[in-house]
Amino acid sequence: MPCPRLTGMSGRDLFCPPRRIRRGAALTLVFASVLATGAATGSFSASDQKSSSQGARTATVGSAAESAGSAAGSADSGSRQDDVSEAAAEAMADGKSPVEAAERAVSRSGDRWGAVYSEGEYEEFEEALDGAYTGVGLWARRERDGRIAVARVRDGSPAEAAGIRKGDRLRSVDGKRVDGRPVTEVVALLRGDATGDAAGTAVSLGLERGKRAWTETVRRARLSTESVTVRELAGDVTVIKVAAFTKGSGELVRAAVAGTPAGARIVLDLRANSGGLVTEAVTAASAFLDGGLVATYDVRGDQRALHAEPGGDTSRPLVALVDGGTMSAAELLTGALQDRGRAVVVGSRTFGKGSVQMPSRLPDGSVAELTVGHYRTPSGRRVDGSGISPDLEVEEGVLERAETVLSGLGDPS
């Protein structure tokens, strides 16, 4: 039985494995995170969580997931999985595309977060979870007028080497106009997802800066992610920014907290965090909690729980920053810190992605991920579709407001 996943969405070229357009819908990219009993408790290794590139996806949840198959709701999700597998098998027998047939079956099922990946796409997906990706090293955002702007440029990336700056307007990618497109589609063009472009392939970018318009050709590169960054602000404030919960990020958060100067207050910045490995989010929670419940979840009706490890730093004043791009595993962490009174949450309502997907291998080697359950915060709040409301809603000057809040929380003791 494959392990369930908890998926989010991303508007960057860092963590965006492709999902094809179904029935003319806008391209949606998902970033999944493992949510398995074995992974949560450390009862199987990282190699067990991820199959080899040549083998089938066989990471297991063990008896917990196996017994969940007979729990409430299992018939419905099991039926969807059977329908998708049968559609792929029939298409394969008829010499048609199994992936396209599976996508149509998922679309008919009404599963909002269901997705189908080719074998190669899924392997790239899992590499992203390990903290690597192919791209040009820029973040894109959509302005209110529909134009696409560069939100950030990664240091040492092809985009930086080409002189691209934050604030530049991105007008086209390989001759395709991007104005009005969803950011996820723009990201797919930058990565070359539709054509399977690898590191070293060229991509032509139409750019604009003020009155200057030009075309720049850059080559995609294999880049490692910067999942956790730390910086110090005046007034004894340490900002720990978590971009995504890739492999090892939880321990990086714990190390950052342990290395924070005595007397410093902490801002945990989860804005635009698209999710990631749930096990890493739980490890990050362990940096701030002295054990206890982080979240509960169900897989086909079978209830399970995730707990923090004891010994976290519970004394330092803590503010968590969130926005509409805070998703999935990042919402799980936010909900735990908020419900348990460990952090003041500042910003805007989070995205609201809290459903669990189970990956299954299709006859041609592709992978379908279908929804089998949901997770809840320690107080029992369901996140999927509603998100998490901050304690203090702020649209602009969020970091400055966080510093003000921290100043009123007292000194670490």
# chains A, B, ... in the order shown; residues from 1 in each chain; ligands from 1
call {"tool": "closest_atom_pairs", "arguments": {"of": "region 237-335 of chain A", "to": "region 134-141 of chain A", "cutoff": "12 Å", "atoms": "only C-alpha atoms", "output": "JSON lines"}}
result
{"residue": "A:Ala243", "atom": "CA", "partner": "A:Trp139", "partner_atom": "CA", "distance": 11.7}
{"residue": "A:Ala272", "atom": "CA", "partner": "A:Trp139", "partner_atom": "CA", "distance": 10.7}
{"residue": "A:Gly325", "atom": "CA", "partner": "A:Arg141", "partner_atom": "CA", "distance": 11.2}
call {"tool": "residues_around", "arguments": {"residues": "Val346 (chain A)", "least_positions_apart": "3", "cutoff": "7 Å", "atoms": "only C-alpha atoms", "output": "PyMOL selection string"}}
result
chain A and resi 319-322+390-394+402
call {"tool": "closest_residue", "arguments": {"among": "A:Asp174, A:Asp145, A:Glu226, A:Glu251", "to": "Gly131 (chain A)", "atoms": "only C-alpha atoms"}}
result
A:Glu226
call {"tool": "closest_residue", "arguments": {"among": "A:Asp193, A:Glu309, A:Asp339, A:Glu103", "to": "Ser366 (chain A)", "atoms": "only C-alpha atoms"}}
result
A:Glu103
call {"tool": "residues_around", "arguments": {"residues": "Gly146 (chain A)", "least_positions_apart": "3", "cutoff": "10 Å", "atoms": "only C-alpha atoms", "output": "PyMOL selection string"}}
result
chain A and resi 141-143+149+178-183
call {"tool": "select_by_dssp", "arguments": {"residues": "region 100-167 of chain A", "states": "strand (DSSP E)", "output": "CSV table (one decimal) with C-alpha atoms, in the first residue's frame"}}
result
chain,number,residue,atom,x,y,z
A,115,ALA,CA,-3.7,14.3,-10.2
A,116,VAL,CA,-2.0,12.0,-12.8
A,117,TYR,CA,1.7,12.0,-13.5
A,132,ALA,CA,16.6,19.7,-6.1
A,133,TYR,CA,14.9,21.2,-9.1
A,134,THR,CA,15.4,22.2,-12.7
A,135,GLY,CA,14.8,25.8,-13.5
A,138,LEU,CA,13.4,33.0,-10.4
A,139,TRP,CA,10.1,33.4,-8.6
A,140,ALA,CA,7.1,34.9,-10.5
A,141,ARG,CA,4.1,36.7,-9.3
A,142,ARG,CA,0.9,37.9,-11.0
A,148,ILE,CA,3.7,38.8,-14.6
A,149,ALA,CA,6.6,40.2,-12.5
A,150,VAL,CA,9.8,38.7,-11.1
A,151,ALA,CA,9.3,38.4,-7.4
A,152,ARG,CA,12.8,37.2,-6.5
A,153,VAL,CA,16.0,36.0,-8.2
call {"tool": "closest_residue", "arguments": {"among": "A:Gly276, A:Val345, A:Ile388, A:Val173", "to": "Phe125 (chain A)", "atoms": "only C-alpha atoms"}}
result
A:Gly276
